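A short worksheet on the structure shown next.
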Number of protein chains: 2
Amino acid sequence: MSSEGCSGCQVRERALCSTLSDGELARLNAISRQKHIERGATLMWAGDEGVVCGNVIAGMLKMTAFAADGREQIVGLLYPGDFVGRPQAGELPFSIAALTDSHLCIFPRAPFQAMLDDHIAMERMLLRRTMTALDEARHRMLLLGRGTAEEKLAGFLLEMIERSGAVPSGRAITAGEATIDLPLSRGQIADVLGLTIETVSRQMTHLRTAGIIDVPGGRLVEVRDLAALRARAMVD
Amino acid sequence: MSSEGCSGCQVRERALCSTLSDGELARLNAISRQKHIERGATLMWAGDEGVVCGNVIAGMLKMTAFAADGREQIVGLLYPGDFVGRPQAGELPFSIAALTDSHLCIFPRAPFQAMLDDHIAMERMLLRRTMTALDEARHRMLLLGRGTAEEKLAGFLLEMIERSGAVPSGRAITAGEATIDLPLSRGQIADVLGLTIETVSRQMTHLRTAGIIDVPGGRLVEVRDLAALRARAMVD
DNA sequence: CGGATGGTTGATGTGACTCAACGTCGGTGG
DNA sequence: CCACCGACGTTGAGTCACATCAACCATCCG
């Protein structure tokens with residue numbers, strides 16, 4: 001696996017490692033390990049000591065917070081190129097599980113931490129990304145705290161569209177060009193949005209009967225009127 | 001103001017600057033400016049170019065996200081020692097306003113950014129703090145998305161108690177030792193918790209009639225049963 | 001075929017919102 | 001000094017959006 005080296009890595013240009021030269025990359029490669037994780041499997045449990053961190057190479061994962069009684073809230077989604085875990089010591093605040101079969105490049109925390117210390121550019125990139133993630137989390141707080149069910153779902157679908165790359169951000173489309181295959185079940189969407197399965201389902205049919213989307217199969221969603229979808233999302 | 005130097009600064013030990021030696025501090029001091037901001041006044045508006053950043057020395061501030069129709073959500077609270085702003089370029093995602101008369105030590109972004117580059121320890125502290133803030137934001141997503149009104153208010157009061165230092169975190173108290181003076185109006189509490197003014201008020205009297213808190217005056221809250229308050233908050 | 005999983009839909013319940021009235025406090029001006 | 005005002009908080013009645021409970025359907029797979 002890791003004997004293949006990093007040069008052919010799918011996220012070579014996007015992940016934190018993009019700040020490293022080929023030579024430096026060799027050092028990181030020496031401590032890295034490829035990890036495959038099946039859809040539905042959990043990579044880390046909240047409360048565990050987080051002994052590894054790494055990069056998402058392929059697939060999609062969720063970060064989940066739990067209440068004592070089992071209620072759960074998905075607090076973040078991870079895409080290829082994203083960094084996972086905390087370089088510093090301490091127990092993990094959230095569980096991380098795979099939504100689709102995923103592929104990661106992981107490092108033991110201590111040597112990676114040392115690596116970060118020696119490579120300021122990489123640390124700086126991590127800082128910048130963490131700040132971006134913080135802004136996104138706060139933006140989602142507005143949606144969770146003040147949004148209606150329709151706004152939540154519309155906003156979620158828009159995020160999925162942009163992340164899937166089906167529609168260049170900001171572009172307008174006319175007919176149903178954009179089709180996305182959601183990697184989340186209705187229940188998981190509900191956990192992202194702070195809703196119930198039934199409400200997500202109802203809002204989905206609501207958007208469908210309004211002609212804004214089409215739902216050819218369970219997790220397939222075809223956007224027929226992007227502008228209308230944007231109008232129903234929360235803007236700020 | 002800044003001629004007094006940093007040695008007597010109230011947050012000398014807590015703010016980012018604690019990573020700097022007295023000598024290095026002089027350089028920072030040279031570009032810093034003290035700023036007083038009155039309760040209710042806005043320091044930065046969402047959408048503005050964020051040309052400064054700084055440290056909170058005294059007082060308390062809020063970060064607010066707005067929807068197009070005026071709905072608002074407070075996405076973060078700032079306490080003495082906290083860092084404000086983005087060192088990098090870009091427009092501000094959220095507005096920042098003072099909840100109490102506040103005192104800040106601000107720097108133009110560019111020279112501060114340069115300072116950060118030269119002082120890895122400071123940048124590292126900023127990274128660590130940003131990660132902590134991200135964890136807190138995500139934790140609050142659980143509360144916003146899945147919490148009941150009572151859980152939200154109980155959690156908020158507990159945060160206020162801990163931040164006010166009235167009760168050492170984790171300690172148990174018996175009688176009404178802890179009294180806090182909330183710097184937020186009911187409406188602002190509602191904006192933190194994603195509720196309405198009326199619901200906050202009702203939950204407040206609900207906790208009062210249950211004997212858990214006492215509300216001697218508008219913003220004064222006396223905790224009479226901390227354990228019961230914790231039991232009504234969301235735990236994970 | 002039968003069971004499991006995931007999704008939709010309907011009937012009903014309820015927690016929080018909305019609308020509205022009223023109380024309290026602190027300031028301001030006659 | 002009191003009348004008035006505005007900001008803030010409380011409380012009540014009614015409503016509504018979303019949750020809950022429950023039935024049903026489609027797909028997949030052993």
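Starting from 1 in every chain, residues are counted up; chains themselves are A, B, ... following the order of the structure tokens, and ligands are numbered from 1 as listed.
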
DSSP-assigned alpha helix (DSSP H) members of chain B, reported as a PyMOL selection string
chain B and resi 22-31+109-118+120-146+149-164+186-193+197-209+226-232

Could the residues in this selection be saved with C-alpha atoms as a PDB file, in the first residue's frame?
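What ended up in selection_20.pdb:
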```
ATOM      1  CA  ASP B  22       9.116  40.438  27.445  1.00  0.00           C
ATOM      2  CA  GLY B  23      11.439  41.500  24.663  1.00  0.00           C
ATOM      3  CA  GLU B  24       9.269  40.128  21.890  1.00  0.00           C
ATOM      4  CA  LEU B  25       6.311  41.665  23.553  1.00  0.00           C
ATOM      5  CA  ALA B  26       7.782  45.081  22.947  1.00  0.00           C
ATOM      6  CA  ARG B  27       7.535  44.531  19.205  1.00  0.00           C
ATOM      7  CA  LEU B  28       3.897  43.558  19.513  1.00  0.00           C
ATOM      8  CA  ASN B  29       3.239  46.447  21.820  1.00  0.00           C
ATOM      9  CA  ALA B  30       4.578  48.794  19.173  1.00  0.00           C
ATOM     10  CA  ILE B  31       1.813  47.875  16.751  1.00  0.00           C
ATOM     11  CA  ARG B 109      -3.793  42.388  10.530  1.00  0.00           C
ATOM     12  CA  ALA B 110      -0.710  42.488   8.335  1.00  0.00           C
ATOM     13  CA  PRO B 111       1.976  43.162  10.970  1.00  0.00           C
ATOM     14  CA  PHE B 112       0.291  40.754  13.349  1.00  0.00           C
ATOM     15  CA  GLN B 113       0.348  38.101  10.685  1.00  0.00           C
ATOM     16  CA  ALA B 114       4.075  38.767  10.300  1.00  0.00           C
ATOM     17  CA  MET B 115       4.509  38.438  14.044  1.00  0.00           C
ATOM     18  CA  LEU B 116       2.737  35.089  13.963  1.00  0.00           C
ATOM     19  CA  ASP B 117       5.075  33.900  11.239  1.00  0.00           C
ATOM     20  CA  ASP B 118       8.084  34.667  13.395  1.00  0.00           C
ATOM     21  CA  ILE B 120       5.800  29.594  16.080  1.00  0.00           C
ATOM     22  CA  ALA B 121       4.774  29.145  19.696  1.00  0.00           C
ATOM     23  CA  MET B 122       2.154  31.837  19.301  1.00  0.00           C
ATOM     24  CA  GLU B 123       0.850  30.340  16.106  1.00  0.00           C
ATOM     25  CA  ARG B 124       0.718  26.960  17.766  1.00  0.00           C
ATOM     26  CA  MET B 125      -1.296  28.359  20.640  1.00  0.00           C
ATOM     27  CA  LEU B 126      -3.660  29.953  18.173  1.00  0.00           C
ATOM     28  CA  LEU B 127      -4.083  26.606  16.430  1.00  0.00           C
ATOM     29  CA  ARG B 128      -4.826  24.866  19.674  1.00  0.00           C
ATOM     30  CA  ARG B 129      -7.361  27.486  20.672  1.00  0.00           C
ATOM     31  CA  THR B 130      -9.045  27.385  17.322  1.00  0.00           C
ATOM     32  CA  MET B 131      -9.399  23.630  17.653  1.00  0.00           C
ATOM     33  CA  THR B 132     -10.886  24.021  21.103  1.00  0.00           C
ATOM     34  CA  ALA B 133     -13.312  26.609  19.779  1.00  0.00           C
ATOM     35  CA  LEU B 134     -14.255  24.214  17.008  1.00  0.00           C
ATOM     36  CA  ASP B 135     -14.981  21.468  19.506  1.00  0.00           C
ATOM     37  CA  GLU B 136     -17.119  23.842  21.516  1.00  0.00           C
ATOM     38  CA  ALA B 137     -19.002  24.969  18.454  1.00  0.00           C
ATOM     39  CA  ARG B 138     -19.703  21.379  17.491  1.00  0.00           C
ATOM     40  CA  HIS B 139     -20.792  20.551  20.967  1.00  0.00           C
ATOM     41  CA  ARG B 140     -23.216  23.424  20.785  1.00  0.00           C
ATOM     42  CA  MET B 141     -24.547  22.005  17.529  1.00  0.00           C
ATOM     43  CA  LEU B 142     -25.740  19.000  19.520  1.00  0.00           C
ATOM     44  CA  LEU B 143     -27.527  21.297  21.924  1.00  0.00           C
ATOM     45  CA  LEU B 144     -29.077  23.388  19.164  1.00  0.00           C
ATOM     46  CA  GLY B 145     -30.128  20.460  17.043  1.00  0.00           C
ATOM     47  CA  ARG B 146     -31.297  17.994  19.632  1.00  0.00           C
ATOM     48  CA  ALA B 149     -35.583  24.293  25.763  1.00  0.00           C
ATOM     49  CA  GLU B 150     -34.870  23.251  29.329  1.00  0.00           C
ATOM     50  CA  GLU B 151     -31.631  21.519  28.410  1.00  0.00           C
ATOM     51  CA  LYS B 152     -30.537  24.524  26.431  1.00  0.00           C
ATOM     52  CA  LEU B 153     -31.113  26.955  29.266  1.00  0.00           C
ATOM     53  CA  ALA B 154     -29.579  24.687  31.904  1.00  0.00           C
ATOM     54  CA  GLY B 155     -26.513  24.226  29.727  1.00  0.00           C
ATOM     55  CA  PHE B 156     -26.252  27.932  29.167  1.00  0.00           C
ATOM     56  CA  LEU B 157     -26.469  28.727  32.856  1.00  0.00           C
ATOM     57  CA  LEU B 158     -23.805  26.148  33.616  1.00  0.00           C
ATOM     58  CA  GLU B 159     -21.508  27.743  31.088  1.00  0.00           C
ATOM     59  CA  MET B 160     -22.111  31.143  32.607  1.00  0.00           C
ATOM     60  CA  ILE B 161     -21.367  29.787  36.065  1.00  0.00           C
ATOM     61  CA  GLU B 162     -18.113  28.218  34.988  1.00  0.00           C
ATOM     62  CA  ARG B 163     -16.986  31.203  32.993  1.00  0.00           C
ATOM     63  CA  SER B 164     -17.832  33.591  35.791  1.00  0.00           C
ATOM     64  CA  ARG B 186     -33.407  37.418  27.716  1.00  0.00           C
ATOM     65  CA  GLY B 187     -33.494  38.167  24.024  1.00  0.00           C
ATOM     66  CA  GLN B 188     -29.782  37.603  23.695  1.00  0.00           C
ATOM     67  CA  ILE B 189     -29.972  34.369  25.633  1.00  0.00           C
ATOM     68  CA  ALA B 190     -32.691  33.342  23.213  1.00  0.00           C
ATOM     69  CA  ASP B 191     -30.351  34.151  20.322  1.00  0.00           C
ATOM     70  CA  VAL B 192     -27.639  31.982  21.829  1.00  0.00           C
ATOM     71  CA  LEU B 193     -29.970  29.056  22.360  1.00  0.00           C
ATOM     72  CA  ILE B 197     -37.625  35.441  24.517  1.00  0.00           C
ATOM     73  CA  GLU B 198     -40.828  34.023  25.933  1.00  0.00           C
ATOM     74  CA  THR B 199     -39.546  30.476  26.013  1.00  0.00           C
ATOM     75  CA  VAL B 200     -36.385  31.549  27.804  1.00  0.00           C
ATOM     76  CA  SER B 201     -38.460  33.449  30.337  1.00  0.00           C
ATOM     77  CA  ARG B 202     -40.774  30.519  30.892  1.00  0.00           C
ATOM     78  CA  GLN B 203     -37.934  28.049  31.350  1.00  0.00           C
ATOM     79  CA  MET B 204     -36.344  30.467  33.767  1.00  0.00           C
ATOM     80  CA  THR B 205     -39.432  30.583  35.960  1.00  0.00           C
ATOM     81  CA  HIS B 206     -39.736  26.853  35.531  1.00  0.00           C
ATOM     82  CA  LEU B 207     -36.272  26.360  37.045  1.00  0.00           C
ATOM     83  CA  ARG B 208     -37.155  28.892  39.701  1.00  0.00           C
ATOM     84  CA  THR B 209     -40.376  27.229  40.789  1.00  0.00           C
ATOM     85  CA  LEU B 226     -26.180  22.879  41.083  1.00  0.00           C
ATOM     86  CA  ALA B 227     -26.545  19.106  40.868  1.00  0.00           C
ATOM     87  CA  ALA B 228     -30.160  19.428  39.773  1.00  0.00           C
ATOM     88  CA  LEU B 229     -29.155  22.032  37.209  1.00  0.00           C
ATOM     89  CA  ARG B 230     -26.523  19.665  35.839  1.00  0.00           C
ATOM     90  CA  ALA B 231     -29.083  16.865  35.726  1.00  0.00           C
ATOM     91  CA  ARG B 232     -31.315  18.973  33.510  1.00  0.00           C
TER      92      ARG B 232
END
```

Compile a residue-level contact table for chain C against chain B at a cut-off of 10 Å, reporting for every qualifying residue the shortest atom pair and its distance in Å to one decimal, with only C-alpha atoms (C1' of nucleotides) counted, rows ordered by chain and ascending number, as a Markdown table.
```
| residue | atom | partner | partner_atom | distance |
| --- | --- | --- | --- | --- |
| C:DG15 | C1' | B:Thr148 | CA | 8.5 |
| C:DA16 | C1' | B:Thr199 | CA | 7.1 |
| C:DC17 | C1' | B:Thr196 | CA | 7.4 |
| C:DT18 | C1' | B:Glu198 | CA | 9.9 |
| C:DT24 | C1' | B:Gly218 | CA | 9.7 |
| C:DC25 | C1' | B:Gly218 | CA | 9.6 |
```

May I have a table of the residues of chain D lying at most 12 Å from chain B, giving each one's closest pair of atoms and their distance in Å to one decimal, counting only C-alpha atoms (C1' of nucleotides), ordered by chain and ascending residue number, as a Markdown table?
```
| residue | atom | partner | partner_atom | distance |
| --- | --- | --- | --- | --- |
| D:DA7 | C1' | B:Ser185 | CA | 10.7 |
| D:DC8 | C1' | B:Ser185 | CA | 8.0 |
| D:DG9 | C1' | B:Gly218 | CA | 7.3 |
| D:DT10 | C1' | B:Ser201 | CA | 7.0 |
| D:DT11 | C1' | B:Arg202 | CA | 8.4 |
| D:DG12 | C1' | B:Glu198 | CA | 11.3 |
| D:DA19 | C1' | B:Arg146 | CA | 11.7 |
```

Identify, on the basis of only C-alpha atoms (C1' of nucleotides), every residue whose closest approach to D:DC21 does not exceed 10 Å; exclude the query and any residue fewer than 6 positions from it along the same chain; express the result as a list in words.
DA11, DT12 and DG13 of chain C

Coordinates-based distance that separates atom CA of A:Arg39 from atom C1' of C:DC1 (Å, one decimal):
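Between atom C1' of C:DC1 and atom CA of A:Arg39 the gap works out to 28.8 Å.
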
I'd like the interatomic distance between atom CA of A:Asp181 and atom CA of A:Glu222, to a tenth of an Å.
8.8 Å

Spatial neighbours of B:Ala67, 7 Å, only C-alpha atoms (C1' of nucleotides), chain gap at least 6 places, as a list in words:
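Once the nearby chain positions are removed, what remains is Met234, Val235 and Asp236 of chain A.
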
Could the residues in this selection be saved with N, CA and C atoms as a PDB file, in the first residue's frame?
```pdb
ATOM      1  N   MET A 234     -31.442  29.084   3.452  1.00  0.00           N
ATOM      2  CA  MET A 234     -31.219  30.289   4.240  1.00  0.00           C
ATOM      3  C   MET A 234     -30.004  31.011   3.680  1.00  0.00           C
ATOM      4  N   VAL A 235     -30.162  32.282   3.435  1.00  0.00           N
ATOM      5  CA  VAL A 235     -29.026  33.060   2.947  1.00  0.00           C
ATOM      6  C   VAL A 235     -28.676  34.118   3.976  1.00  0.00           C
ATOM      7  N   ASP A 236     -27.426  34.520   3.972  1.00  0.00           N
ATOM      8  CA  ASP A 236     -27.059  35.549   4.948  1.00  0.00           C
ATOM      9  C   ASP A 236     -26.057  36.545   4.383  1.00  0.00           C
TER      10      ASP A 236
END
```
